[in-house]
Each structure stands twice: as structure tokens, then as C-alpha cells.
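S.K.: Sharing my_file35.cif, mmCIF, C-alpha atoms:
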```cif
data_work
loop_
_atom_site.label_atom_id
_atom_site.label_comp_id
_atom_site.auth_asym_id
_atom_site.auth_seq_id
_atom_site.Cartn_x
_atom_site.Cartn_y
_atom_site.Cartn_z
CA MET B 1 82.95 83.13 92.53
CA ILE B 2 79.30 82.82 93.51
CA ALA B 3 80.44 81.99 97.05
CA LEU B 4 82.56 85.14 97.20
CA LEU B 5 79.71 87.22 95.81
CA ARG B 6 77.30 85.75 98.35
CA ARG B 7 79.73 86.40 101.20
CA ASP B 8 80.32 90.01 100.16
CA LEU B 9 76.59 90.66 99.91
CA ALA B 10 76.03 89.07 103.32
CA LEU B 11 78.80 91.20 104.79
CA ALA B 12 77.37 94.33 103.19
CA VAL B 13 73.93 93.98 104.74
CA ARG B 14 75.20 93.07 108.22
CA ALA B 15 76.21 95.53 110.89
CA GLY B 16 78.95 97.88 109.73
CA GLY B 17 78.84 96.54 106.20
CA GLY B 18 78.26 99.90 104.58
CA PHE B 19 75.21 98.88 102.57
CA GLY B 20 73.12 101.99 101.97
CA LEU B 21 76.03 104.36 102.50
CA GLY B 22 76.09 105.32 98.83
CA LEU B 23 72.31 105.45 98.67
CA ALA B 24 72.09 107.73 101.72
CA PHE B 25 74.74 110.03 100.23
CA PHE B 26 72.85 110.16 96.93
CA LEU B 27 69.62 110.96 98.77
CA ILE B 28 71.23 113.74 100.82
CA VAL B 29 72.83 115.44 97.81
CA ILE B 30 69.65 115.38 95.76
CA VAL B 31 67.56 116.66 98.64
CA LEU B 32 70.03 119.46 99.33
CA VAL B 33 70.40 120.68 95.73
CA PRO B 34 66.94 122.31 95.45
CA LEU B 35 67.51 123.98 98.82
CA GLY B 36 70.82 125.39 97.65
CA VAL B 37 69.81 126.35 94.12
CA GLY B 38 66.41 127.78 94.98
CA PRO B 39 62.85 126.92 94.00
CA ASP B 40 63.15 127.91 90.32
CA ALA B 41 61.50 124.89 88.67
CA THR B 42 62.86 125.51 85.16
CA LEU B 43 66.41 125.90 86.43
CA LEU B 44 66.11 122.71 88.51
CA GLY B 45 64.71 120.83 85.54
CA ALA B 46 67.63 122.00 83.42
CA ILE B 47 70.33 120.87 85.84
CA ALA B 48 68.53 117.70 86.97
CA PRO B 49 70.18 115.23 84.52
CA GLY B 50 73.67 116.43 85.34
CA MET B 51 73.08 116.65 89.09
CA LEU B 52 71.56 113.17 89.27
CA TRP B 53 74.50 111.67 87.41
CA VAL B 54 77.17 113.58 89.34
CA ALA B 55 75.56 112.57 92.64
CA ALA B 56 75.33 108.92 91.54
CA LEU B 57 78.99 108.96 90.51
CA LEU B 58 80.16 110.42 93.81
CA ALA B 59 77.97 107.99 95.74
CA ALA B 60 79.60 105.10 93.90
CA LEU B 61 83.05 106.57 94.58
CA LEU B 62 82.34 106.81 98.30
CA SER B 63 82.48 103.09 99.04
CA LEU B 64 85.18 102.06 96.59
CA ASP B 65 88.12 101.90 98.99
CA ARG B 66 86.33 99.22 101.02
CA ILE B 67 86.28 96.79 98.09
CA PHE B 68 89.68 95.23 98.79
CA ALA B 69 90.88 97.10 101.89
CA LEU B 70 88.82 95.04 104.35
CA ASP B 71 89.96 91.74 102.87
CA PHE B 72 93.54 92.99 102.85
CA GLU B 73 93.44 94.00 106.51
CA ASP B 74 92.08 90.72 107.85
CA GLY B 75 94.34 88.62 105.63
CA SER B 76 91.60 87.14 103.43
CA LEU B 77 93.13 88.54 100.25
CA PRO B 78 96.35 86.46 100.26
CA LEU B 79 94.25 83.42 101.16
CA LEU B 80 91.91 84.12 98.25
CA ALA B 81 94.91 84.68 95.99
CA THR B 82 96.25 81.22 96.84
CA SER B 83 92.82 79.58 96.48
CA PRO B 84 91.65 77.81 93.30
CA LEU B 85 89.56 80.87 92.44
CA PRO B 86 91.47 82.91 89.82
CA LEU B 87 92.20 86.49 90.88
CA GLU B 88 90.34 87.69 87.80
CA GLY B 89 87.28 85.97 89.23
CA VAL B 90 87.87 87.61 92.60
CA ALA B 91 88.02 91.05 90.95
CA LEU B 92 84.89 90.36 88.90
CA ALA B 93 82.94 89.11 91.93
CA LYS B 94 84.03 92.17 93.92
CA GLY B 95 82.94 94.52 91.14
CA VAL B 96 79.56 92.82 90.80
CA ALA B 97 79.05 92.85 94.59
CA HIS B 98 79.87 96.58 94.67
CA TRP B 99 77.34 97.23 91.94
CA ILE B 100 74.59 95.24 93.67
CA THR B 101 75.16 97.09 96.94
CA THR B 102 75.67 100.57 95.42
CA GLY B 103 74.76 100.97 91.74
CA LEU B 104 71.56 98.94 91.79
CA PRO B 105 69.95 100.80 94.74
CA LEU B 106 70.96 104.11 93.11
CA THR B 107 69.36 103.09 89.83
CA ILE B 108 66.14 102.12 91.56
CA ALA B 109 66.00 105.22 93.76
CA ALA B 110 66.97 107.75 91.08
CA PRO B 111 63.56 108.12 89.37
CA ALA B 112 61.93 108.95 92.73
CA LEU B 113 64.61 111.53 93.40
CA GLY B 114 64.32 112.94 89.88
CA PHE B 115 60.91 114.16 90.99
CA LEU B 116 62.59 116.39 93.61
CA LEU B 117 64.60 118.07 90.86
CA ASN B 118 61.62 118.61 88.57
CA LEU B 119 63.00 116.24 85.96
CA GLN B 120 60.97 116.24 82.73
CA PRO B 121 58.51 113.30 82.67
CA SER B 122 59.91 112.08 79.36
CA ALA B 123 63.38 111.70 80.93
CA TYR B 124 62.53 109.19 83.69
CA VAL B 125 62.86 106.13 81.52
CA TRP B 126 66.19 107.41 80.15
CA LEU B 127 67.45 108.19 83.65
CA PHE B 128 66.69 104.66 84.74
CA ALA B 129 68.16 103.11 81.59
CA SER B 130 71.33 105.20 81.64
CA LEU B 131 72.01 104.45 85.31
CA ALA B 132 71.26 100.76 84.82
CA LEU B 133 73.73 100.65 81.93
CA GLY B 134 76.32 103.04 83.34
CA THR B 135 76.69 102.25 87.05
CA PRO B 136 78.16 98.74 86.43
CA ALA B 137 81.03 100.50 84.62
CA LEU B 138 81.50 102.79 87.64
CA SER B 139 81.76 99.75 89.94
CA MET B 140 84.16 97.85 87.71
CA ILE B 141 86.44 100.85 87.06
CA GLY B 142 86.38 101.52 90.79
CA THR B 143 87.35 97.92 91.52
CA PHE B 144 90.38 98.41 89.29
CA GLY B 145 91.28 101.61 91.17
CA ALA B 146 90.84 99.85 94.50
CA ALA B 147 93.09 97.02 93.32
CA LEU B 148 95.78 99.52 92.35
CA THR B 149 95.80 101.15 95.78
CA VAL B 150 95.19 98.15 98.03
CA GLY B 151 97.67 98.03 100.87
CA LEU B 152 98.30 101.76 100.84
CA ARG B 153 97.42 103.48 104.06
CA ARG B 154 94.92 106.26 103.34
CA GLY B 155 94.90 105.19 99.70
CA GLY B 156 91.42 106.66 99.21
CA LEU B 157 92.63 110.03 97.95
CA LEU B 158 95.04 108.52 95.45
CA MET B 159 92.36 106.12 94.31
CA SER B 160 89.86 108.93 93.74
CA LEU B 161 92.40 110.81 91.65
CA LEU B 162 93.14 107.68 89.61
CA VAL B 163 89.52 106.72 89.12
CA LEU B 164 87.86 110.09 88.42
CA PRO B 165 89.36 110.62 84.93
CA LEU B 166 88.27 107.10 84.03
CA TYR B 167 84.74 107.95 85.19
CA LEU B 168 84.41 110.95 82.87
CA PRO B 169 83.19 109.15 79.69
CA THR B 170 80.53 107.34 81.71
CA LEU B 171 79.38 110.62 83.28
CA ILE B 172 79.31 112.51 79.99
CA PHE B 173 77.36 109.88 78.05
CA GLY B 174 75.06 109.12 81.00
CA ALA B 175 74.05 112.72 81.63
CA GLU B 176 73.78 113.34 77.90
CA ALA B 177 71.33 110.47 77.50
CA VAL B 178 69.10 111.86 80.25
CA ARG B 179 69.35 115.43 78.88
CA ARG B 180 68.35 114.30 75.41
CA GLY B 181 65.52 112.29 76.91
CA ALA B 182 64.32 115.38 78.82
CA GLU B 183 64.33 117.46 75.65
CA GLY B 184 62.58 114.80 73.63
CA LEU B 185 65.60 114.12 71.39
CA PRO B 186 66.67 110.60 70.37
CA ALA B 187 68.93 109.32 73.16
CA ALA B 188 69.94 105.95 71.76
CA THR B 189 73.48 106.97 70.76
CA PRO B 190 74.76 107.99 74.23
CA LEU B 191 73.05 104.93 75.70
CA LEU B 192 74.84 102.67 73.24
CA MET B 193 78.15 104.34 74.09
CA LEU B 194 77.38 103.79 77.78
CA ALA B 195 76.65 100.13 77.17
CA GLY B 196 79.91 99.86 75.23
CA ILE B 197 81.91 101.38 78.09
CA THR B 198 80.32 98.97 80.57
CA LEU B 199 80.96 95.92 78.39
CA GLY B 200 84.53 97.02 77.77
CA ALA B 201 85.11 97.60 81.48
CA PHE B 202 83.81 94.13 82.39
CA ALA B 203 85.86 92.50 79.64
CA LEU B 204 89.21 94.17 80.38
CA LEU B 205 89.32 95.47 83.93
CA PRO B 206 89.06 92.18 85.89
CA VAL B 207 92.32 91.17 84.19
CA ALA B 208 93.94 94.53 84.91
CA ALA B 209 92.69 94.51 88.50
CA SER B 210 94.05 91.02 89.12
CA ALA B 211 97.45 92.06 87.74
CA ALA B 212 97.46 95.04 90.11
CA LEU B 213 96.48 92.77 93.02
CA ARG B 214 99.31 90.35 92.25
CA VAL B 215 101.84 93.16 92.36
CA ASN B 216 100.39 94.63 95.54
CA LEU B 217 100.33 91.29 97.35
CA ARG B 218 104.05 90.65 96.90
CA MET U 1 103.83 63.85 94.94
CA ASP U 2 106.68 65.02 97.17
CA LEU U 3 107.48 68.64 97.79
CA GLU U 4 110.83 69.40 96.24
CA VAL U 5 112.63 72.72 96.62
CA ARG U 6 115.87 73.21 94.76
CA ASP U 7 118.37 76.04 95.15
CA LEU U 8 115.71 78.61 95.93
CA THR U 9 116.63 82.28 96.39
CA VAL U 10 113.89 84.46 97.84
CA ALA U 11 113.79 88.23 98.18
CA ARG U 12 111.99 90.72 100.34
CA GLY U 13 111.70 94.32 99.17
CA GLY U 14 114.01 93.57 96.24
CA ALA U 15 116.90 92.33 98.38
CA PRO U 16 117.59 88.60 98.63
CA VAL U 17 117.18 87.29 102.17
CA LEU U 18 117.72 83.54 101.70
CA SER U 19 119.64 81.82 98.95
CA GLY U 20 120.39 78.24 97.99
CA VAL U 21 117.54 76.75 100.03
CA SER U 22 117.03 73.11 99.06
CA PHE U 23 114.96 70.42 100.72
CA VAL U 24 112.62 67.55 99.96
CA VAL U 25 109.53 66.76 102.02
CA PRO U 26 108.11 63.31 101.23
CA GLN U 27 104.39 62.59 101.50
CA GLY U 28 103.12 62.22 105.03
CA GLN U 29 105.96 64.32 106.42
CA ALA U 30 106.22 67.77 107.93
CA LEU U 31 109.18 70.12 107.89
CA VAL U 32 109.70 72.70 110.63
CA LEU U 33 111.50 75.91 109.64
CA ARG U 34 113.65 77.41 112.37
CA GLY U 35 115.56 80.63 112.57
CA PRO U 36 115.65 83.97 114.36
CA ASN U 37 113.16 86.77 113.62
CA GLY U 38 113.75 88.39 110.25
CA ILE U 39 115.69 85.47 108.77
CA GLY U 40 113.04 85.06 106.06
CA LYS U 41 110.69 82.30 107.19
CA THR U 42 107.60 84.21 106.10
CA THR U 43 109.24 85.27 102.83
CA LEU U 44 110.17 81.67 102.09
CA LEU U 45 106.65 80.43 102.82
CA ARG U 46 105.06 83.18 100.71
CA SER U 47 107.38 82.28 97.83
CA LEU U 48 106.53 78.59 98.18
CA ALA U 49 102.82 79.43 98.17
CA GLY U 50 103.25 81.49 95.00
CA LEU U 51 102.35 84.87 96.48
CA GLN U 52 105.67 86.32 95.41
CA PRO U 53 108.13 85.18 92.76
CA ALA U 54 111.44 83.64 93.81
CA LEU U 55 114.61 85.16 92.35
CA SER U 56 115.91 81.77 91.26
CA GLY U 57 115.53 78.07 91.90
CA SER U 58 112.58 75.73 91.54
CA VAL U 59 109.71 74.47 93.66
CA SER U 60 107.68 71.46 92.63
CA PHE U 61 104.61 69.80 94.07
CA GLY U 62 101.35 68.57 92.59
CA ALA U 63 99.38 71.29 90.79
CA GLU U 64 96.48 72.82 92.71
CA THR U 65 97.30 71.01 95.92
CA SER U 66 98.73 73.72 98.15
CA ALA U 67 97.26 76.08 100.70
CA TYR U 68 98.78 78.92 102.65
CA ALA U 69 98.03 80.15 106.17
CA SER U 70 99.53 83.43 107.28
CA HIS U 71 99.77 85.32 110.56
CA ALA U 72 96.33 86.74 109.80
CA ASP U 73 93.41 84.33 109.79
CA GLY U 74 91.21 85.84 107.08
CA ILE U 75 88.14 85.61 109.28
CA LYS U 76 85.14 87.87 108.81
CA ALA U 77 83.93 89.24 112.14
CA GLN U 78 80.35 89.68 110.90
CA LEU U 79 80.00 86.03 109.85
CA THR U 80 79.42 83.14 112.23
CA VAL U 81 81.95 80.37 112.75
CA VAL U 82 79.97 78.05 110.49
CA GLU U 83 79.50 80.69 107.79
CA ASN U 84 83.22 81.43 107.74
CA LEU U 85 84.07 77.76 107.24
CA VAL U 86 81.31 77.18 104.68
CA PHE U 87 82.60 80.15 102.66
CA TRP U 88 86.11 78.69 102.43
CA ALA U 89 84.71 75.24 101.65
CA ASP U 90 82.69 76.73 98.77
CA ILE U 91 85.72 78.56 97.41
CA TYR U 92 87.63 75.28 97.34
CA GLY U 93 84.64 73.32 96.05
CA ALA U 94 84.52 71.21 99.22
CA THR U 95 82.04 70.61 102.01
CA VAL U 96 82.64 71.18 105.71
CA PRO U 97 83.25 67.80 107.38
CA ASP U 98 81.43 67.63 110.70
CA THR U 99 84.54 66.25 112.41
CA VAL U 100 86.35 69.54 111.96
CA TYR U 101 84.32 71.18 114.74
CA ASP U 102 85.54 68.61 117.24
CA ALA U 103 89.08 68.55 115.90
CA PHE U 104 89.47 72.27 116.57
CA ASP U 105 87.16 72.47 119.61
CA LEU U 106 84.68 74.74 117.85
CA ARG U 107 81.53 72.70 118.47
CA ASP U 108 80.16 75.07 121.14
CA LEU U 109 81.04 78.16 119.13
CA GLN U 110 79.29 77.24 115.86
CA ALA U 111 76.62 79.94 115.95
CA ARG U 112 78.82 82.66 117.44
CA PHE U 113 79.87 85.62 115.31
CA ALA U 114 83.60 85.45 114.68
CA GLY U 115 83.96 89.02 115.91
CA THR U 116 83.02 87.89 119.42
CA LEU U 117 85.66 85.15 119.61
CA SER U 118 88.86 85.49 121.62
CA ALA U 119 92.21 85.68 119.85
CA GLY U 120 92.90 81.99 120.48
CA GLN U 121 89.43 80.94 119.34
CA LYS U 122 89.85 82.99 116.16
CA ARG U 123 93.15 81.26 115.56
CA ARG U 124 91.49 77.85 115.97
CA LEU U 125 88.85 78.93 113.44
CA GLY U 126 91.59 80.07 111.07
CA LEU U 127 93.32 76.70 111.41
CA ALA U 128 90.03 74.85 111.00
CA ARG U 129 89.92 76.33 107.49
CA LEU U 130 92.84 74.01 106.69
CA GLY U 131 90.76 71.04 107.73
CA VAL U 132 87.92 72.17 105.49
CA ILE U 133 89.66 72.93 102.22
CA GLY U 134 91.29 69.51 101.89
CA ARG U 135 94.62 70.60 100.41
CA LYS U 136 97.58 68.23 100.57
CA VAL U 137 100.50 70.67 100.80
CA LEU U 138 100.22 73.23 103.61
CA PHE U 139 102.48 76.22 104.12
CA LEU U 140 101.89 77.39 107.68
CA ASP U 141 103.30 80.60 109.07
CA GLU U 142 103.37 80.60 112.89
CA PRO U 143 100.19 78.51 113.19
CA THR U 144 100.29 78.44 116.99
CA VAL U 145 100.41 82.18 117.73
CA SER U 146 98.02 83.02 120.60
CA LEU U 147 97.05 79.36 121.13
CA ASP U 148 97.17 77.89 124.64
CA GLY U 149 98.95 74.61 125.38
CA PHE U 150 95.78 72.58 125.00
CA SER U 151 94.97 74.06 121.60
CA VAL U 152 98.54 73.55 120.40
CA LYS U 153 98.20 69.84 121.26
CA LEU U 154 94.82 69.78 119.51
CA PHE U 155 96.33 71.29 116.37
CA ALA U 156 99.35 68.95 116.44
CA LYS U 157 96.99 66.00 116.84
CA TRP U 158 94.93 67.10 113.84
CA LEU U 159 98.06 67.68 111.78
CA ARG U 160 99.49 64.25 112.64
CA GLY U 161 96.30 62.21 112.70
CA SER U 162 94.23 63.74 109.92
CA HIS U 163 96.60 65.52 107.61
CA LEU U 164 99.99 63.82 107.55
CA ALA U 165 98.51 60.37 108.07
CA GLN U 166 96.63 60.75 104.79
CA GLY U 167 99.75 61.56 102.81
CA GLY U 168 99.69 65.31 103.40
CA ILE U 169 102.72 67.56 103.53
CA ALA U 170 103.28 70.55 105.81
CA VAL U 171 106.00 73.18 105.96
CA ILE U 172 105.70 75.02 109.25
CA ALA U 173 107.50 78.10 110.52
CA THR U 174 107.29 78.11 114.28
CA HIS U 175 109.26 79.03 117.40
CA ILE U 176 107.72 76.46 119.74
CA ASP U 177 107.88 72.69 119.90
CA LEU U 178 104.76 71.22 118.30
CA GLY U 179 105.66 67.68 119.36
CA LEU U 180 105.40 66.55 115.75
CA ASP U 181 108.58 64.50 115.57
CA ALA U 182 109.32 66.23 112.26
CA PRO U 183 112.73 67.14 110.83
CA GLU U 184 113.80 70.71 111.36
CA LEU U 185 115.54 73.03 108.92
CA GLU U 186 117.65 75.82 110.41
CA LEU U 187 117.57 78.73 107.97
CA THR U 188 120.52 80.74 109.31
CA PRO U 189 123.13 79.05 107.03
CA PHE U 190 121.12 80.09 103.96
CA LYS U 191 121.18 83.77 104.82
CA SER U 192 122.09 85.84 101.74
CA ALA U 193 125.35 87.74 101.76
CA PRO U 194 124.67 91.49 101.95
CA ASP U 195 126.33 92.09 98.58
CA ALA U 196 124.42 89.40 96.69
CA THR U 197 122.40 90.34 93.59
CA GLY U 198 120.45 93.50 94.13
CA GLY U 199 122.94 94.70 96.69
CA ALA U 200 123.17 98.07 94.96
CA ASP U 201 119.93 98.94 96.70
CA GLU U 202 121.31 97.98 100.07
CA ALA U 203 122.31 101.51 101.04
CA PHE U 204 118.75 102.69 100.51
CA LEU U 205 116.97 100.01 102.49
#
```
Take the structure in the file and write it out as C-alpha cells.

M.R.:
Amino acid sequence: MIALLRRDLALAVRAGGGFGLGLAFFLIVIVLVPLGVGPDATLLGAIAPGMLWVAALLAALLSLDRIFALDFEDGSLPLLATSPLPLEGVALAKGVAHWITTGLPLTIAAPALGFLLNLQPSAYVWLFASLALGTPALSMIGTFGAALTVGLRRGGLLMSLLVLPLYLPTLIFGAEAVRRGAEGLPAATPLLMLAGITLGAFALLPVAASAALRVNLR
Amino acid sequence: MDLEVRDLTVARGGAPVLSGVSFVVPQGQALVLRGPNGIGKTTLLRSLAGLQPALSGSVSFGAETSAYASHADGIKAQLTVVENLVFWADIYGATVPDTVYDAFDLRDLQARFAGTLSAGQKRRLGLARLGVIGRKVLFLDEPTVSLDGFSVKLFAKWLRGSHLAQGGIAVIATHIDLGLDAPELELTPFKSAPDATGGADEAFL
């Protein structure tokens, strides 16, 4: 599993690996929002939590279809499926690799970009915490969606439609935590819900993803 | 442990393609599968490797001893030859034996990115994976595609000298003569009748 994780990370940072794709998308959206909405600082501050979370979610969605598609195309996936590594482990390693290449950079970059949206100073710590807790769930749910649609040509659209409803609880609780943080309210409850979603996703979805892979590899 | 296949029926797309396939491959032996395109060689190998369930019948060999090699090599273009092999060795909890580079004529290509290799060189790298992972029972689907005569001999020599000689087993689907001196199994007699189980779908396929 560690070997697969290491390989995926090495592939991501090499030419054409797509590392930074999500981060660049996130950056572009957040830079464009103030230009589109206008320079009203109060308005920007009010929409900042939601915009940051929506942009992070879409950035994570952007690179999902690569999770299994590349391995399927070059034939690695059947070879991995017949290797001693359980498919559940393959799915887990893929989800973790996706988070390290997408969710983690987003989490680190988000506070700097919150500044562009006039995010309340009290909300920065909550923004960081909510993304750190919530983006792993986005990666793992996305891995499940990618496993469901692997082998389909142009499966990206179908996968987005499958995955988006599953992303909603993460988005709602994540943005809520930041909003409460910005308004100085206690934000522990949405954060705990977020942590629960992430833990649940990592407990259940590797099994579901491996079942989907087994069917799709037949 | 020998490879024993009894009365196996395999399906592709829900329709049985081969039925009643039975054979035994003792240790140190290879079996060459023959038959025209579409007869079900790949389907049979995928079923043996456990990638798809067989409709009926049984397959037995030692647990956790098999490996599968398909038409595609599973090589990452952005990794070097060595990195590709080390990855598969790690997955199988093995180390890359230095002899494998000579056995598959990859010594001069070690530091090259796999994306820059020719089709035949990629194929040799894909086959070298088999020498790295140390599995006893190999299911090989057209292992010699895009190999030149010299590389085919190289592969046959590795298979005979390093794999079979150490008690390994290989089931190989191929259209060319590997010079292995192995028994051949013609699959045409096992072809499923069109109205066998699942035949109701036949009109829609």
C-alpha cells in the first residue's frame, strides 16, 4: 500500500501528472470572484466561507476521474487486482494519494486566499480546520465515484453527477463551520460532523470502491 | 502444487464461450493454449487469474501463488525502467534480482523513462515484472506480442531456465511457436454451443 501511495505521488509530481491542477483551479476561482462580485468588502466577507468551500469542492472534483482511469488504460489495474495487495487497500491508497495531491495543498493555500475575499480574521483557523477535516472525505467519496465509473469512456460527467450529492453534507458542514467562526459563534458542532463524515467515508468507502472495481474489471 | 482445472465454463459478456475445459499442469510444466481469435483464450486466462468468476467448474493451485500478464503491460511512462520494476517488487513484497536486467536485456535501459521505450522494449519490461514478483503460477496472455525473434528466444529461455526449472507453472495463450517443448491445448472443441445457459441473451449480443 505504501508502495502504491509512493508511486502515485511520484507520478503526480512528474510531467503530466496533474499535481497542482486543483490548486491552480482553486486559485483562479478565488481570484476571479472579487472581480466578478465587485469591491464591496462586507459583501465579499459574507460570501467568503461559502465561496472558499465551493471552490475547494470543485477543485477536488476536477482531478477525480484520473484516480483509476490512468491505471485502467495502461493495464495496471487488473495487475494490481491480481496482486497480493487487497483491492480495498488499493482504493484506500488511491484516496489518500488524491488527498495529498489535491486536498492538502488546498487546505494550506486557503487561508492566504481567504485574505482576497476579506474573510473575517476570526475565521481563518476554522477555515483551515474545516478544510483539513473535510477534504479527506471529498477525496475518499471521489475515489468511490471514480471506481464506479472506471472503464467508461467519458465517464467524468456521470461521475460528477454521482459524486456531487454525496459531497453536499461535507460542503454544508464545512461552510457552516467557517461562517460560524467568522461571526464569532461556537463552531465545534459542524466541525465534529465533518470529522464524522470523513471517518465514516474512510471506514466504509474503500470496501464499496473495491466492490465497484471488481465488477468493472470483469 | 499442480494446477488443476476441472470442467470449467467461462463466460464473456454473460454468454458462455468455453465449457467443460479440464486440464492438469504439473509443476515445472507449461501449457500452451491454442485456438482462433475470439475462441476465449483471454477469457479463460482472466477466469483462471480470478479477475472474473467462472460459470461453473473448479480451479485449484496453491493460494497466493499466481500472477497474470495481459495484453497491456501496466507500465508507467513517467517512471524509469528500474522504478517500474521496484514498484511491482514492493507490491509483491520482493526485491528486484539483478539478474532480471540481463535476462530481459534491459541492462542498458535501466535509467530510461518507460515512456521513451519502443513497443518491444516496453513488452520486455512488462515481462521482466514476472521475473521480479516471484510467483509460481503464471497466466500469460500473448506474451510475445511486438517482440522480435531475439527477444522471443530470450523470454523462452527465461521461462524454461528460471521459471519452469524451479518448479513454476505457466499457462500461455500464444499464436507463435515459443520453442518451449510444452504440451498444447486446442480450445476449439470446448467452444460453447450457442444455446447453452444464458442463450436467451444471444439475440441481443

S.K.: If the PyMOL selection byres ((chain B and resi 166) around 12) were run on this exact file, what residues would it hold? Put them as a list in words.

M.R.: Leu57, Leu61, Ala137, Leu138, Ser139, Met140, Ile141, Gly142, Thr143, Phe144, Gly145, Met159, Ser160, Leu161, Leu162, Val163, Leu164, Pro165, Tyr167, Leu168, Pro169, Thr170, Leu171, Ile172, Ile197, Thr198, Ala201 and Leu205 of chain B

S.K.: Just give me the gap between atom CA of U:Ala30 and atom CA of U:Leu125 in Å, one decimal is fine.

M.R.: 21.4 Å

S.K.: Taking only C-alpha atoms into account and nothing else, which residues of chain U lie no more than 6 Å away from chain B? Please answer as a PDB file with C-alpha atoms, in the coordinates of the input.

M.R.:
```
ATOM      1  CA  GLN U  52     105.670  86.320  95.410  1.00  0.00           C
ATOM      2  CA  ALA U  72      96.330  86.740 109.800  1.00  0.00           C
ATOM      3  CA  GLY U  74      91.210  85.840 107.080  1.00  0.00           C
ATOM      4  CA  ASP U  90      82.690  76.730  98.770  1.00  0.00           C
TER       5      ASP U  90
END
```

S.K.: Which residues are near stretch 53-69 of chain U? Cut-off 9 Å, all atoms listed in the file, ignore same chain within fewer than 2 positions. Put them as an MDAnalysis selection string.

M.R.: (chainID B and resid 78:79 82:84 218) or (chainID U and resid 1:11 16 19:22 44:51 71:74 126:127 130 133:143)

S.K.: Select, from U:Val32, U:Leu79, U:Val17, U:Leu154, the residue with the minimum atom-to-atom distance to U:Leu106, counting only C-alpha atoms.

M.R.: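 Among the listed residues, the smallest separation from U:Leu106 belongs to U:Leu154.
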